[in-house]
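K.L.:
Just so it is clear, I am handing over coords-v3.txt, which has compact mmCIF, C-alpha atoms.
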# COMPACT_ATOMS: atom_id res chain seq x y z
CA MET A 690 -5.33 32.27 -8.89
CA PHE A 691 -2.05 32.98 -7.22
CA LEU A 692 1.05 34.73 -8.42
CA TYR A 693 4.05 32.47 -7.80
CA ASN A 694 6.68 34.82 -9.21
CA HIS A 695 8.27 35.50 -5.85
CA LEU A 696 8.46 31.79 -4.94
CA TYR A 697 9.70 30.20 -8.14
CA GLY A 698 11.09 33.10 -10.13
CA TRP A 699 8.60 32.69 -12.96
CA ASP A 700 7.91 35.62 -15.21
CA ALA A 701 4.63 36.71 -13.65
CA LYS A 702 2.80 33.54 -14.69
CA MET A 703 -0.55 32.88 -13.13
CA VAL A 704 -1.07 29.42 -11.66
CA ARG A 705 -4.56 28.12 -11.08
CA ALA A 706 -5.37 27.01 -7.53
CA TYR A 707 -7.67 24.00 -7.29
CA ASN A 708 -9.87 22.75 -4.53
CA TRP A 709 -8.30 19.28 -4.68
CA LYS A 710 -10.68 17.76 -2.15
CA LYS A 711 -13.69 18.75 -4.24
CA LEU A 712 -12.00 17.72 -7.50
CA ASN A 713 -11.11 14.30 -6.07
CA LYS A 714 -14.70 13.76 -4.89
CA ILE A 715 -16.03 14.62 -8.35
CA LYS A 716 -13.52 12.23 -9.93
CA GLU A 717 -14.48 9.46 -7.49
CA ASN A 718 -18.17 9.93 -8.32
CA GLU A 719 -17.28 9.86 -12.00
CA PHE A 720 -15.53 6.50 -11.52
CA GLU A 721 -18.59 5.08 -9.76
CA ILE A 722 -21.07 6.38 -12.35
CA LEU A 723 -19.06 4.94 -15.24
CA LEU A 724 -18.46 1.68 -13.40
CA ARG A 725 -22.16 1.19 -12.58
CA GLU A 726 -23.17 1.83 -16.18
CA GLY A 727 -20.36 -0.34 -17.53
CA MET A 728 -21.25 -3.17 -15.15
CA LYS A 729 -24.87 -3.15 -16.32
CA ILE A 730 -23.83 -3.45 -19.95
CA VAL A 731 -21.05 -5.99 -19.32
CA ASN A 732 -23.32 -8.20 -17.18
CA GLU A 733 -25.91 -8.27 -19.97
CA SER A 734 -23.24 -9.24 -22.52
CA LYS A 735 -21.55 -12.55 -23.18
CA GLU A 736 -18.20 -13.36 -21.58
CA PRO A 737 -15.43 -11.40 -23.31
CA TRP A 738 -13.14 -14.47 -23.38
CA SER A 739 -13.34 -18.07 -22.27
CA GLU A 740 -11.45 -19.21 -19.20
CA LYS A 741 -8.86 -21.98 -19.35
CA GLN A 742 -9.62 -25.23 -17.57
CA TYR A 743 -6.17 -25.46 -15.97
CA GLY A 744 -3.80 -23.29 -13.96
CA ARG A 745 -4.58 -20.78 -11.27
CA ARG A 746 -8.15 -19.59 -10.96
CA PRO A 747 -8.31 -16.32 -12.92
CA TYR A 748 -10.00 -13.09 -11.93
CA PRO A 749 -13.56 -12.86 -13.26
CA SER A 750 -13.41 -11.73 -16.89
CA LYS A 751 -16.25 -9.25 -16.48
CA ALA A 752 -14.55 -7.59 -13.48
CA MET A 753 -11.33 -7.36 -15.47
CA LEU A 754 -13.24 -5.85 -18.38
CA ASN A 755 -14.69 -3.18 -16.11
CA ILE A 756 -11.22 -2.38 -14.74
CA CYS A 757 -9.96 -2.01 -18.32
CA LEU A 758 -12.93 0.24 -19.09
CA LEU A 759 -11.95 2.57 -16.23
CA LYS A 760 -8.31 2.47 -17.29
CA VAL A 761 -9.12 3.49 -20.87
CA TYR A 762 -11.71 6.14 -20.01
CA PHE A 763 -9.54 7.86 -17.43
CA ARG A 764 -6.35 7.40 -19.48
CA MET A 765 -4.53 5.88 -16.53
CA PRO A 766 -1.37 3.78 -16.67
CA TYR A 767 -1.74 0.19 -15.49
CA ARG A 768 0.07 0.84 -12.21
CA ASP A 769 -2.18 3.82 -11.44
CA ILE A 770 -5.43 1.93 -12.01
CA GLU A 771 -4.09 -0.88 -9.82
CA SER A 772 -3.26 1.48 -6.96
CA PHE A 773 -6.56 3.33 -7.38
CA ILE A 774 -8.57 0.12 -7.07
CA ARG A 775 -6.37 -1.08 -4.20
CA SER A 776 -7.03 2.17 -2.29
CA ASN A 777 -10.79 2.33 -3.04
CA GLN A 778 -12.80 -0.23 -1.09
CA THR A 779 -16.06 0.85 -2.79
CA ILE A 780 -14.75 -0.06 -6.25
CA GLN A 781 -13.41 -3.39 -4.93
CA THR A 782 -16.84 -4.18 -3.48
CA MET A 783 -18.65 -3.16 -6.67
CA LEU A 784 -16.38 -5.44 -8.71
CA ASP A 785 -16.66 -8.22 -6.13
CA LEU A 786 -12.88 -8.59 -5.87
CA GLU A 787 -11.31 -10.41 -2.94
CA HIS A 788 -7.83 -9.55 -4.21
CA VAL A 789 -6.86 -6.66 -6.47
CA PRO A 790 -5.19 -7.74 -9.72
CA ASP A 791 -1.72 -6.34 -10.29
CA HIS A 792 -0.81 -4.13 -13.23
CA ASN A 793 0.55 -7.05 -15.30
CA THR A 794 -2.71 -8.97 -14.90
CA ILE A 795 -4.69 -5.91 -15.96
CA GLN A 796 -2.42 -5.47 -18.98
CA ARG A 797 -2.86 -9.11 -20.03
CA ALA A 798 -6.64 -8.79 -19.66
CA MET A 799 -6.59 -5.67 -21.83
CA ALA A 800 -4.75 -7.59 -24.55
CA LYS A 801 -7.34 -10.41 -24.45
CA ILE A 802 -10.40 -8.22 -25.10
CA PRO A 803 -11.54 -8.57 -28.73
CA MET A 804 -11.77 -5.26 -30.63
CA ASP A 805 -15.36 -5.90 -31.78
CA TYR A 806 -16.36 -6.51 -28.15
CA LEU A 807 -14.82 -3.15 -27.16
CA GLU A 808 -16.55 -1.33 -30.01
CA ASP A 809 -19.90 -2.85 -29.04
CA LEU A 810 -19.38 -1.95 -25.37
CA ASN A 811 -18.43 1.61 -26.26
CA GLN A 812 -21.45 1.99 -28.53
CA LYS A 813 -23.81 0.77 -25.81
CA LEU A 814 -22.23 3.03 -23.16
CA VAL A 815 -22.48 6.12 -25.33
CA PHE A 816 -26.07 5.27 -26.27
CA ASN A 817 -27.08 4.86 -22.61
CA PHE A 818 -25.50 8.15 -21.58
CA LYS A 819 -27.05 10.00 -24.54
CA LYS A 820 -30.45 8.42 -23.86
CA ARG A 821 -30.43 9.89 -20.36
CA ARG A 822 -28.84 13.14 -21.57
CA GLN A 823 -26.00 12.54 -19.16
CA THR A 824 -22.31 13.09 -19.73
CA LEU A 825 -19.25 12.71 -17.61
CA PRO A 826 -16.73 15.57 -17.41
CA LEU A 827 -14.16 13.78 -19.60
CA MET A 828 -16.82 13.21 -22.25
CA GLN A 829 -17.42 16.95 -22.33
CA GLN A 830 -13.69 17.62 -22.78
CA ASP A 831 -13.41 15.13 -25.63
CA SER A 832 -16.25 16.71 -27.59
CA ALA A 833 -14.86 20.24 -27.20
Would you mind giving the structure from this file in structure tokens?
P.N.:
Amino acid sequence: MFLYNHLYGWDAKMVRAYNWKKLNKIKENEFEILLREGMKIVNESKEPWSEKQYGRRPYPSKAMLNICLLKVYFRMPYRDIESFIRSNQTIQTMLDLEHVPDHNTIQRAMAKIPMDYLEDLNQKLVFNFKKRRQTLPLMQQDSA
């Protein structure tokens, strides 16, 4: 912890110093763990929506569902999840994406997902993590 009073004129407030490199690595691992588990469940499930037979070829619905899963879990805005996926080649490879969908496409996909499908997916994810006695840091915060 550092005292920033002399720099910013705060009234002797303590500001926590983070090891951002380590925190980012933990967060990246958290993304991959959740994505792997989500992909297993989504791949075993039926398609979340049916594709149209006309127009441009859409992004795979299961890849879009996994992107939406990451967006919801990490409470990220659409633009942030787009830029995160665009900057992370590992996630792109895991999702088998040639091109990264833009924030509007992600938002439209989120609106297409049926609520009962989301509830079922969430139930299966929680069950799998509990079965292995594994939690992710955000899950620990939510239960506190």
K.L.:
To one decimal place in Å, what is the distance between atom CA of A:Ile756 and atom CA of A:Leu807?
P.N.:
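Atom CA of A:Ile756 sits 13.0 Å away from atom CA of A:Leu807.
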K.L.:
Contacts of A:Ser734 at 12 Å or less, counting only C-alpha atoms, minus same-chain residues fewer than 5 places along, as a list in words?
P.N.:
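Here the answer would be Gly727, Met728, Lys729, Ser750, Lys751, Leu754, Tyr806, Leu807, Asp809, Leu810 and Lys813 of chain A.
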K.L.:
Which neighbours of A:Pro766 fall inside 10 Å, counting all atoms listed in the file, when residues of the same chain fewer than 4 positions from it are skipped, and could you give them as a ChimeraX atom specification?
P.N.:
/A:760-761,770-771,792,796
K.L.:
So how many Å separate atom CA of A:Phe773 and atom CA of A:Val731, to one decimal?
P.N.:
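Pair atom CA of A:Phe773 / atom CA of A:Val731 returns 21.0 Å.
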K.L.:
Identify which of the residues A:Leu784, A:Val789, A:Met799, A:Phe816 lies closest to A:Asn732, counting all atoms listed in the file when measuring atom-to-atom distances.
P.N.:
A:Leu784
K.L.:
From the set A:Arg775, A:Lys820, A:His788, A:Arg725, which residue has the shortest atom-to-atom contact distance to A:Leu758, counting only C-alpha atoms?
P.N.:
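Among the listed residues, A:Arg725 lies closest to A:Leu758.
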K.L.:
Atom CA of A:Ile722 and atom CA of A:Gln812, how far apart in Å?
P.N.:
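Rounded to one decimal, the two atoms are 16.8 Å apart.
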K.L.:
Compare A:Arg745, A:Gln781, A:Tyr762, A:Pro737 by their minimum atom-to-atom distance to A:Met804, counting all atoms listed in the file, and give me the closest one.
P.N.:
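Distance minimum relative to A:Met804 lands on A:Pro737.
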K.L.:
Pick the closest to A:Asn811 from A:Leu723, A:Leu786, A:Ile795, A:Met753: which is it, counting all atoms listed in the file?
P.N.:
A:Leu723
